[in-house]
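Novice: Okay, handing you the structure first.
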Amino acid sequence: MENKDKTLISEVKYSLKSRGFILGLVLSIIMMLIQLSIDWTNVNLTLFGMNAGAFLVLFILAIIAYPIKALRLRADEYALIFAMITSSLGFAWSVAVPFSISIFNYAPEKQWWGMGGWVSSLPGALETSPLFGITDKEAALAAFEGGVPVPWSAWLPAVAYWIVFTIVLVIFMTSMGMILRKQWIDVEKLPFPFLNVTRELITLGTGTAEKVRVKRIGIGFILGILLVIGNLIDALAPGRGWNLWQTIHITALETALPNSSWFFSIAPALLALWYFAPLDVLFTAMVSWFIFADILPAISVWAGYATLQAPWDSSGGAWHNMASCTITPISGGMIGWGSMIGLGFWLLVFSRKYLASTLKNAFGSKTLDESEEPFSYRTLWLAFIISAILLIILMVTVYIPVWAAGIILVYAFFQYIATSRIRGESIAKGDTPWESQEVLATLLSQAGLYALVGSEASEATQAAYGAGAFTAWNMGYIVTGHYTWYWGGAGTPQSAQLEGFRLASDVKLHSKAMAISTIVAMILAVLICIPLWLVFTYNIGINKGFGYGGTLYSQWVSPAWWAQESLFNAAFNQLQGCSWFNWNKDLISLELANWAGGFILAGVLLWLRVTFARTPINPVGLVIGGSQIMHWMWGYITVAWILKFITFRVGGSKLYEDYGVPLAVGIFLGAFLVQVVTDIFVPVAQAGISWTPG
């Protein structure tokens with residue numbers, strides 16, 4: 001045992017001194033700086049989405065090293081670089097959320113649709129803790145014009161708070177992720193579909209790829225470029241390029257099936273990625289969408305229950321049917337959000353024996369081999385428990401009631417487990433749990449926040465609890481809407497670490513080296529991005545630094561707007577429902593019943609999948625199929641399922657592995673790189689662009 005421990009220590013030290021770890025740190029910092037810079041332009045490019053930044057770096061390294069042996073890295077070094085960039089880059093985007101909310105709280109005239117005016121009617125609502133966000137109106141307004149130094153005296157309490165809060169949240173999530181590592185990675189062997197691209201790039205970079213496989217990737221690469229090159233030409237020389245058919249809105253079907261959505265899209269890059277998802281996930285997502293968004297809404301109209309919605313160009317009536325306040329008796333959206341939280345809960349229930357054995361290892365007799373784990377189970381369980389307590393304390397510190405902090409933490413925990421699992425079995429976009437924060441806001445209202453600040457509460461009660469209630473709703477949005485959700489197709493940085501463990505297993509890298517590397521990258525990202533984001537803000541200015549199409553516009557306005565929209569609808573508009581998507585029915589009870597139905601249905605599907613191995617259903621697909629964004633994604637998923645089904649029927653796994661995967665990887669890389677270049681040069685090619693948001 002002693003020799004084994006010495007070998008492990010030596011291996012980990014070797015990995016942390018390797019070129020991979022050093023390059024991973026340097027490149028992670030560079031990519032974060034690039035993303036922060038991009039946020040202040042009109043370039044509509046997010047390096048975090050779809051692992052874009054990590055794929056770009058790995059592609060460049062592989063192309064350079066493939067013909068030059070001296071520049072090649074080992075497979076484990078490429079794995080460290082990819083995982084460190086993926087698990088850190090997301091912070092360059094997400095750190096803005098709490099700051100943007102607090103700035104817009106004190107500049108309500110800058111928000112969409114006058115939402116700030118509604119919130120300001122709540123006594124004490126804007127009197128938040130200086131730890132939660134800025135409370136100086138002049139300092140908030142200065143951020144819009146720019147050209148001034150950061151008012152650090154006003155921001156320092158919030159900067160310190162969010163650095164501490166985010167790091168503790170990272171520890172809370174990664175400790176449980178590492179506890180589940182053996183179950184998900186070694187036993188269940190979750191596929192993590194994104195890694196199909198990563199593995200091929202690593203074999204290219206190490207020079208171990210077979211020539212025939214490189215040729216197939218090359219054919220797919222050229223095909224991917226040809227499919228989207230017209231878009232780039234059109235961006236650089238408007239009117240001279242062409243756009244191959246990628247989307248179509250089938251209004252005839254929406255008329256035949258009222259309130260349905262038939263918006264068909266098969267963009268090459270996303271289609272290639274969905275081809276890697278398991279067949280049962282694709283099938284369940286496709287069927288769930290057809291049932292909840294196309295069939296049931298039409299039946300509701302024919303039965304006279306629902307109001308007919310005319311086709312809405314890109315979305316159809318199903319956009320509203322899948323929203324939290326549906327116009328049908330069965331809400332696909334609420335079932336989808338309930339199934340997401342249910343997936344997190346039931347995954348833990350079905351892993352109870354394994355979790356119990358890890359607890360026994362931690363605080364009793366040893367029953368599991370811990371030699372392959374990142375840290376001992378005792379360390380991981382203590383980290384999980386202590387960080388959970390600290391998160392409650394940190395929330396209470398900013399006036400959030402203890403019980404509300406507990407609800408937020410438990411809800412976010414289940415969402416983290418669910419979205420990590422979604423990453424493990426699909427490439428679903430972050431919009432999958434879209435508006436999950438609204439469900440949380442409703443649950444908080446029903447549990448008692450509304451009683452403290454609602455219209456029936458006394459003025460004294462509202463004044464006493466207004467700040468705490470308002471902060472609780474905002475905190476719920478921040479944690480569930482950004483820090484634990486599946487934004488942009490990449491997953492949260494914490495869930496990306498689990499993907500890193502799978503990659504480590506593939507390249508024979510010990511999980512401890514991967515754990516330390518990714519944790520260092522994440523903590524470094526928090527320390528860099530939070531203060532640096534403010535430097536960009538005040539030096540450039542919100543009104544000057546970006547255009548309407550830039551990523552920062554939604555990063556600024558949308559979080560503040562959504563957080564306050566959740567508050568308004570949950571606390572002040574309960575008679576109308578919990579979402580602005582529906583404005584004519586009191587459906588709180590029905591919505592929560594749908595949410596509970598999805599919660600239970602996820603457990604049933606998970607039981608069926610565990611009990612009957614050949615069952616072609618997967619609760620991950622139910623969550624995806626019950627998302628609003630599915631009205632764009634169902635085309636990718638349906639075509640991907642058909643292509644993959646045919647591949648396996650014709651040639652089995654051999655045809656899929658030998659031809660399907662390399663061709664799909666090539667198509668993705670070709671289309672992806674052209675799209676990246678297009679996103680960068682579109683604003684350059686568009687003369688007369690307005691740099692002030694409309």
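Residues in the structure tokens are numbered from 1 in each chain, the chains being A, B, ... in the order shown, and ligands are numbered from 1 in the order shown.
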As a ChimeraX atom specification, please: all residues of stretch 69-183 of chain A that backbone DSSP puts in alpha helix (DSSP H).
Specialist: /A:75-89,91-94,96-105,115-119,137-145,152-181
Novice: Compile the contact shell of A:Met522 as a ChimeraX atom specification: residues with an atom at most 12 Å away, counting only C-alpha atoms, same-chain residues fewer than 6 positions apart removed.
Specialist: /A:24-25,28-29,32,83-92,163,166-171,174,492-497,515-516,528-529
Novice: Pick the closest to A:Leu382 from A:Ile179, A:Ile217, A:Gly621, A:Ile519: which is it, counting only C-alpha atoms?
Specialist: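 Of the candidates, the smallest distance to A:Leu382 is held by A:Ile179.
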Novice: Which one of A:Pro98, A:Gly541, A:Gly406, A:Gly336 sits closest to A:Phe165 if you count only C-alpha atoms?
Specialist: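 Checking each candidate against A:Phe165, we get A:Pro98 as the closest.
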Novice: Skipping near chain neighbours, those fewer than 5 positions away, what residues fall within 8 Å of A:Trp533 using only C-alpha atoms, listed as a PDB file with N, CA and C atoms, in the first residue's frame?
Specialist:
```pdb
ATOM      1  N   LEU A  36     -13.669  37.941 -22.146  1.00  0.00           N
ATOM      2  CA  LEU A  36     -14.034  39.220 -21.537  1.00  0.00           C
ATOM      3  C   LEU A  36     -13.926  40.358 -22.548  1.00  0.00           C
ATOM      4  N   ALA A  92     -15.900  33.474 -17.054  1.00  0.00           N
ATOM      5  CA  ALA A  92     -15.766  34.752 -17.748  1.00  0.00           C
ATOM      6  C   ALA A  92     -17.121  35.294 -18.166  1.00  0.00           C
ATOM      7  N   VAL A  95     -19.767  35.474 -14.164  1.00  0.00           N
ATOM      8  CA  VAL A  95     -19.491  36.368 -13.040  1.00  0.00           C
ATOM      9  C   VAL A  95     -20.266  37.678 -13.131  1.00  0.00           C
ATOM     10  N   ALA A  96     -20.712  38.032 -14.340  1.00  0.00           N
ATOM     11  CA  ALA A  96     -21.406  39.306 -14.509  1.00  0.00           C
ATOM     12  C   ALA A  96     -22.801  39.298 -13.914  1.00  0.00           C
TER      13      ALA A  96
END
```
Novice: Do a neighbour search on stretch 183-200 of chain A at 10 Å with only C-alpha atoms, toss out local chain neighbours closer than 3 positions, and write the hits as a ChimeraX atom specification.
Specialist: /A:50-51,54-55,58-59,62,75,78-79,82,177-180,203-205,208-209,213-214,217,273-278,351,354-355,372,420-427,489-490,496,498-503,505-507,661-662,664-666,668-669
Novice: Contacts of A:Ala383 at 8 Å or less, counting only C-alpha atoms, minus same-chain residues fewer than 2 places along, as a list in words?
Specialist: Ile171, Phe172, Ser175, Thr379, Leu380, Trp381, Ile385, Ile386 and Ser387 of chain A
Novice: Store the residues picked out above, limited to C-alpha atoms, as a CSV table (one decimal), in the first residue's frame.
Specialist:
```
chain,number,residue,atom,x,y,z
A,171,ILE,CA,-16.4,23.2,-3.6
A,172,PHE,CA,-20.0,22.2,-2.8
A,175,SER,CA,-17.1,17.5,-3.9
A,379,THR,CA,-12.3,14.6,2.7
A,380,LEU,CA,-15.1,14.8,0.0
A,381,TRP,CA,-18.0,14.3,2.4
A,385,ILE,CA,-21.2,19.2,4.4
A,386,ILE,CA,-19.0,22.1,5.5
A,387,SER,CA,-19.5,24.0,2.2
```
Novice: For A:Ser517, work out the shell of residues within 8 Å, counting only C-alpha atoms and skipping chain neighbours fewer than 2 positions away, then give it as number ranges by chain.
Specialist: A: 16, 21, 80, 84, 513-515, 519-521
Novice: Counting only C-alpha atoms, figure out which residue out of A:Gln675, A:Gln628, A:Ser37, A:Ser129 gets nearest to A:Gly230.
Specialist: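 Checking each of A:Gln675, A:Gln628, A:Ser37, A:Ser129 against A:Gly230, counting only C-alpha atoms, the winner is A:Gln675.
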Novice: Provide the atom CA of A:Thr638 to atom CA of A:Pro616 distance in Å, to one decimal place.
Specialist: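 So the two atoms, atom CA of A:Thr638 and atom CA of A:Pro616, lie 14.7 Å apart.
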